[in-house]
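Chemist: Let me give you the structure first, and then I'll get to my questions.
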Amino acid sequence: MTPLDNSPGPVPLGLQRRLHQPNRLPVTFNLLAALGNLLIVGLWLWLFRPIYGHLSIIFTREDFRTNQLILIGILVLLILRLRQDRTRVQLDAPLRFYGPAVACIAVGALGFLAVERWLNINILAACLFGLGTYGVLGLWMSPRSWREGLPAALLLIGALPFGDFIQVFIGYPMRIATAEMVRHGLALMGAPSVGLDTILVFENSVAQVDLPCSGVKSLWTGGLFLIAATWIERRPINLRWLLIAGVFGVLLFIANLARVAILVSVGQAMGLTLLAELLHVPLGVIGFVGACAAAVLLLKSSASNAVAPAQLTPSPSHTASPRLLTSALVLALAGCNLAYTERPTLAPVAQSPSHMALPAALSTQPIVLRPGELDWLIDDGAEAVERVRFAWPGPAGTSLSLTGSMLLVQSTSWRAHHKPERCFENYGLRVEQTQAHIFGKTGAAMPVRLLSLTNGQADGQLTALYWFQSKDSVTDDYGSRLWSAVSLQPARWMLVTVLFDQPYDINNPAEAKALSTLALAMRAAVHEQLMTQSPS
């Protein structure tokens, strides 16, 4: 018995091709939607135009090489992830209303206007630009894709050249807390008292709990590590993740606290200076690796509590129509662009010795600043600038004479002051060693920053020193200077930078005395000038 054959006869070749082709809809392009999307992107990019020059430094400055490598690595991972997910760009894609994305746009735009108007901090404006830009992308992404891509956006923001700003605004309170804890801990163990400003006091130098030792670099690197691990492992950023991040930060702080306590105990209490120097790096590496390992274990343990895929599926309905959302967003961004005001241009600064404080025993000859240098100081709020060649006779009874150049910058704005190390590098001088030193007696101690410089040539060694001074305090710490600006009425400060024509040894009693007398005389002159002035 044979089965029934109900198959039709042969089918022509042309018909076979048409039968095997899927049903195709005519391809349409919504020109109006595409124009609306381009208008939104254009208004957004135009709003943040003042910070593009600041962002470009990550590609041009050699000291941001680490940021450049991190950024390249993130971009490579991002491209691979987009190819894996087969993400496509569609110019006429309709907008979706997604609350978290819209909130990021609002925070980015309004926060940027506030920062530009009152704070004038470029790196904070750059962070708001990154956060808001990812919010703009969320208007065309599904909520699930937007949440999964959030770690990548945070990585890109974290790769920005934060530089000294994050070290100052986070590292300063961290190092103050660290110094306080170490001081109390040593006191409980019966060790000699250690001041807050000084952690390691050696016979020939002072090493403070300064920015490189504050642990903030570990926090920044560890934060990038945790976010990268979250992105690679596809873990959600939720309350549990925030708890893990908090624990991770505490572990990094404890590791840095233990490192500083050990260094102080070994270097000061035991007098083993060389051993303290040898332990400095290994202790930091061991503490950082241990904290990262603990964070990975906590992150992996959260896999069982991850949000189920069904819960991440976006809702198919949206309350706002694409056209209404486009119109509202265009109007809002246009309003933000109109509300933006340029930073005010300040009046020219003074360049006359009569405006600056100089000791009577100091022989000086004015040096005119180059136009570019003066414009830079004017834009950043300098009130008075003086640059001179000087000759200092030195202590009585000695033939030692100090010569060099001196720069004084007076301002109530923190932006007018900077780390002199940057300027020396721009002039081709490399900083070989930096240390804090204290001139004067205990009751009137004056901290200064001593620099050993070289121009890369034979006999090219030089010495420099600098400090920041207000009418109430003197510090060599850039972080202390910046934090003093957090006030309703910021004080007027003077940055004093001295570059000598030759190297000097602080361990040589005669040379140390000459440097001390010059610094103390300048402190007295600057104090007298600042006491007669009040912030404008």
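Lettering and numbering for the structure tokens are positional, with chains as A, B, ... in the shown order, residues counted from 1 in each chain, and ligands counted from 1 in the shown order.
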When you look at Gln68 of chain A with a cut-off of 9 Å (counting only C-alpha atoms), what residues show up, excluding the ones that are within fewer than 5 positions of it in the same chain? I need them as a ChimeraX atom specification.

Modeler: /A:58-59,73,159-161

Chemist: Name all residues at most 12 Å from Asp459 of chain A (count only C-alpha atoms; drop same-chain ones fewer than 4 positions away) and give them as a ChimeraX atom specification.

Modeler: /A:453-455,501-503

Chemist: If you count only C-alpha atoms, which residues fall within 12 Å of Leu331 of chain A, apart from same-chain ones fewer than 4 positions away, as a list in words?

Modeler: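 After dropping sequence-adjacent residues, the list is Gly36, Leu39, Ile40, Leu43, Trp44, Leu324, Leu325, Thr326, Ser327, Gly335, Cys336, Asn337 and Leu338 of chain A.
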
Chemist: Choose the residue, out of A:Leu408, A:Val115, A:Cys423, A:Ile378, that has the smallest atom-to-atom separation from Val526 of chain A; count only C-alpha atoms.

Modeler: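 Ranking A:Leu408, A:Val115, A:Cys423, A:Ile378 by distance to Val526 of chain A, first place goes to A:Leu408.
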
Chemist: One number please: atom CA of Gln90 of chain A to atom CA of Ala34 of chain A, in Å, one decimal.

Modeler: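 Computed distance, atom CA of Gln90 of chain A to atom CA of Ala34 of chain A, equals 8.7 Å.
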
Chemist: Please identify all polymer residues within 10 Å of Leu465 of chain A, counting only C-alpha atoms, omitting same-chain residues fewer than 4 positions from it, and present them as a ChimeraX atom specification.

Modeler: /A:406,420,434-437,448-452,476,496-500,515,519

Chemist: Run DSSP on the backbone and tell me which residues of segment 374-500 of chain A come out as alpha helix (DSSP H); list them as a PyMOL selection string.

Modeler: chain A and resi 374-379+420-426+478-483

Chemist: Go ahead and dump the residues you just picked, N, CA and C atoms, as a PDB file, in the first residue's frame.

Modeler:
ATOM      1  N   LEU A 374      49.756  86.549  30.915  1.00  0.00           N
ATOM      2  CA  LEU A 374      48.937  87.549  31.570  1.00  0.00           C
ATOM      3  C   LEU A 374      47.453  87.340  31.274  1.00  0.00           C
ATOM      4  N   ASP A 375      47.121  87.010  30.032  1.00  0.00           N
ATOM      5  CA  ASP A 375      45.720  86.750  29.676  1.00  0.00           C
ATOM      6  C   ASP A 375      45.165  85.577  30.459  1.00  0.00           C
ATOM      7  N   TRP A 376      45.986  84.549  30.625  1.00  0.00           N
ATOM      8  CA  TRP A 376      45.541  83.376  31.373  1.00  0.00           C
ATOM      9  C   TRP A 376      45.227  83.740  32.819  1.00  0.00           C
ATOM     10  N   LEU A 377      46.088  84.537  33.446  1.00  0.00           N
ATOM     11  CA  LEU A 377      45.849  84.950  34.827  1.00  0.00           C
ATOM     12  C   LEU A 377      44.647  85.875  34.937  1.00  0.00           C
ATOM     13  N   ILE A 378      44.471  86.757  33.959  1.00  0.00           N
ATOM     14  CA  ILE A 378      43.318  87.650  33.973  1.00  0.00           C
ATOM     15  C   ILE A 378      42.025  86.853  33.892  1.00  0.00           C
ATOM     16  N   ASP A 379      41.981  85.892  32.967  1.00  0.00           N
ATOM     17  CA  ASP A 379      40.774  85.087  32.795  1.00  0.00           C
ATOM     18  C   ASP A 379      40.425  84.305  34.054  1.00  0.00           C
ATOM     19  N   PRO A 420      52.535  75.184  41.059  1.00  0.00           N
ATOM     20  CA  PRO A 420      53.679  75.653  40.277  1.00  0.00           C
ATOM     21  C   PRO A 420      54.413  74.544  39.525  1.00  0.00           C
ATOM     22  N   GLU A 421      54.263  73.301  39.980  1.00  0.00           N
ATOM     23  CA  GLU A 421      54.902  72.211  39.246  1.00  0.00           C
ATOM     24  C   GLU A 421      54.482  72.199  37.780  1.00  0.00           C
ATOM     25  N   ARG A 422      53.223  72.538  37.507  1.00  0.00           N
ATOM     26  CA  ARG A 422      52.728  72.563  36.132  1.00  0.00           C
ATOM     27  C   ARG A 422      53.471  73.604  35.304  1.00  0.00           C
ATOM     28  N   CYS A 423      53.670  74.790  35.883  1.00  0.00           N
ATOM     29  CA  CYS A 423      54.352  75.851  35.149  1.00  0.00           C
ATOM     30  C   CYS A 423      55.805  75.473  34.867  1.00  0.00           C
ATOM     31  N   PHE A 424      56.466  74.888  35.847  1.00  0.00           N
ATOM     32  CA  PHE A 424      57.848  74.475  35.624  1.00  0.00           C
ATOM     33  C   PHE A 424      57.945  73.454  34.489  1.00  0.00           C
ATOM     34  N   GLU A 425      56.983  72.532  34.444  1.00  0.00           N
ATOM     35  CA  GLU A 425      56.987  71.545  33.366  1.00  0.00           C
ATOM     36  C   GLU A 425      56.770  72.209  32.010  1.00  0.00           C
ATOM     37  N   ASN A 426      55.910  73.228  31.959  1.00  0.00           N
ATOM     38  CA  ASN A 426      55.692  73.944  30.702  1.00  0.00           C
ATOM     39  C   ASN A 426      56.944  74.673  30.230  1.00  0.00           C
ATOM     40  N   TYR A 478      48.143  72.701  48.080  1.00  0.00           N
ATOM     41  CA  TYR A 478      47.182  73.210  47.108  1.00  0.00           C
ATOM     42  C   TYR A 478      45.753  72.872  47.523  1.00  0.00           C
ATOM     43  N   GLY A 479      45.567  71.710  48.133  1.00  0.00           N
ATOM     44  CA  GLY A 479      44.243  71.312  48.590  1.00  0.00           C
ATOM     45  C   GLY A 479      43.690  72.253  49.645  1.00  0.00           C
ATOM     46  N   SER A 480      44.529  72.670  50.587  1.00  0.00           N
ATOM     47  CA  SER A 480      44.077  73.612  51.605  1.00  0.00           C
ATOM     48  C   SER A 480      43.678  74.934  50.978  1.00  0.00           C
ATOM     49  N   ARG A 481      44.429  75.352  49.967  1.00  0.00           N
ATOM     50  CA  ARG A 481      44.085  76.606  49.287  1.00  0.00           C
ATOM     51  C   ARG A 481      42.722  76.513  48.611  1.00  0.00           C
ATOM     52  N   LEU A 482      42.446  75.406  47.940  1.00  0.00           N
ATOM     53  CA  LEU A 482      41.176  75.267  47.248  1.00  0.00           C
ATOM     54  C   LEU A 482      40.014  75.169  48.224  1.00  0.00           C
ATOM     55  N   TRP A 483      40.201  74.453  49.315  1.00  0.00           N
ATOM     56  CA  TRP A 483      39.102  74.308  50.269  1.00  0.00           C
ATOM     57  C   TRP A 483      38.796  75.613  50.984  1.00  0.00           C
TER      58      TRP A 483
END

Chemist: So the first atom is atom CA of Arg96 of chain A and the second is atom CA of Gly111 of chain A; what is the distance between them in Å, to one decimal place?

Modeler: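 Here the two named atoms are 23.1 Å from each other.
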
Chemist: List the spatial neighbours of Leu131 of chain A as a compact mmCIF listing (two decimals) with N, CA and C atoms, in the first residue's frame - criterion: any atom at most 8 Å away, only C-alpha atoms, same-chain residues fewer than 4 positions off excluded.

Modeler:
# COMPACT_ATOMS: atom_id res chain seq x y z
N CYS A 104 18.30 62.44 33.97
CA CYS A 104 19.72 62.69 33.69
C CYS A 104 19.90 63.93 32.81
N ILE A 105 18.99 64.11 31.84
CA ILE A 105 19.06 65.29 30.98
C ILE A 105 18.84 66.55 31.80
N GLY A 108 21.85 67.18 34.06
CA GLY A 108 23.01 67.62 33.28
C GLY A 108 22.89 69.05 32.81
N CYS A 127 31.57 66.31 33.77
CA CYS A 127 30.82 65.16 34.30
C CYS A 127 29.33 65.31 34.02
N GLY A 135 21.78 60.45 29.12
CA GLY A 135 20.34 60.61 29.25
C GLY A 135 19.68 60.89 27.91
N ALA A 153 28.73 54.11 30.42
CA ALA A 153 28.71 55.57 30.49
C ALA A 153 29.48 56.08 31.71
N LEU A 154 29.33 55.41 32.83
CA LEU A 154 30.07 55.81 34.03
C LEU A 154 31.57 55.63 33.85
N ILE A 157 32.82 58.56 31.83
CA ILE A 157 32.90 59.75 32.68
C ILE A 157 34.10 59.63 33.63

Chemist: For atom CA of Ala361 of chain A and atom CA of Pro393 of chain A, determine how far apart the two atoms are, in Å to one decimal place.

Modeler: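 These atoms are spaced 7.7 Å apart.
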
Chemist: Compare A:Leu299, A:Val289, A:Leu520, A:Ala106 by their minimum atom-to-atom distance to Ile227 of chain A, counting only C-alpha atoms, and give me the closest one.

Modeler: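 Closest residue, counting only C-alpha atoms: A:Leu299.
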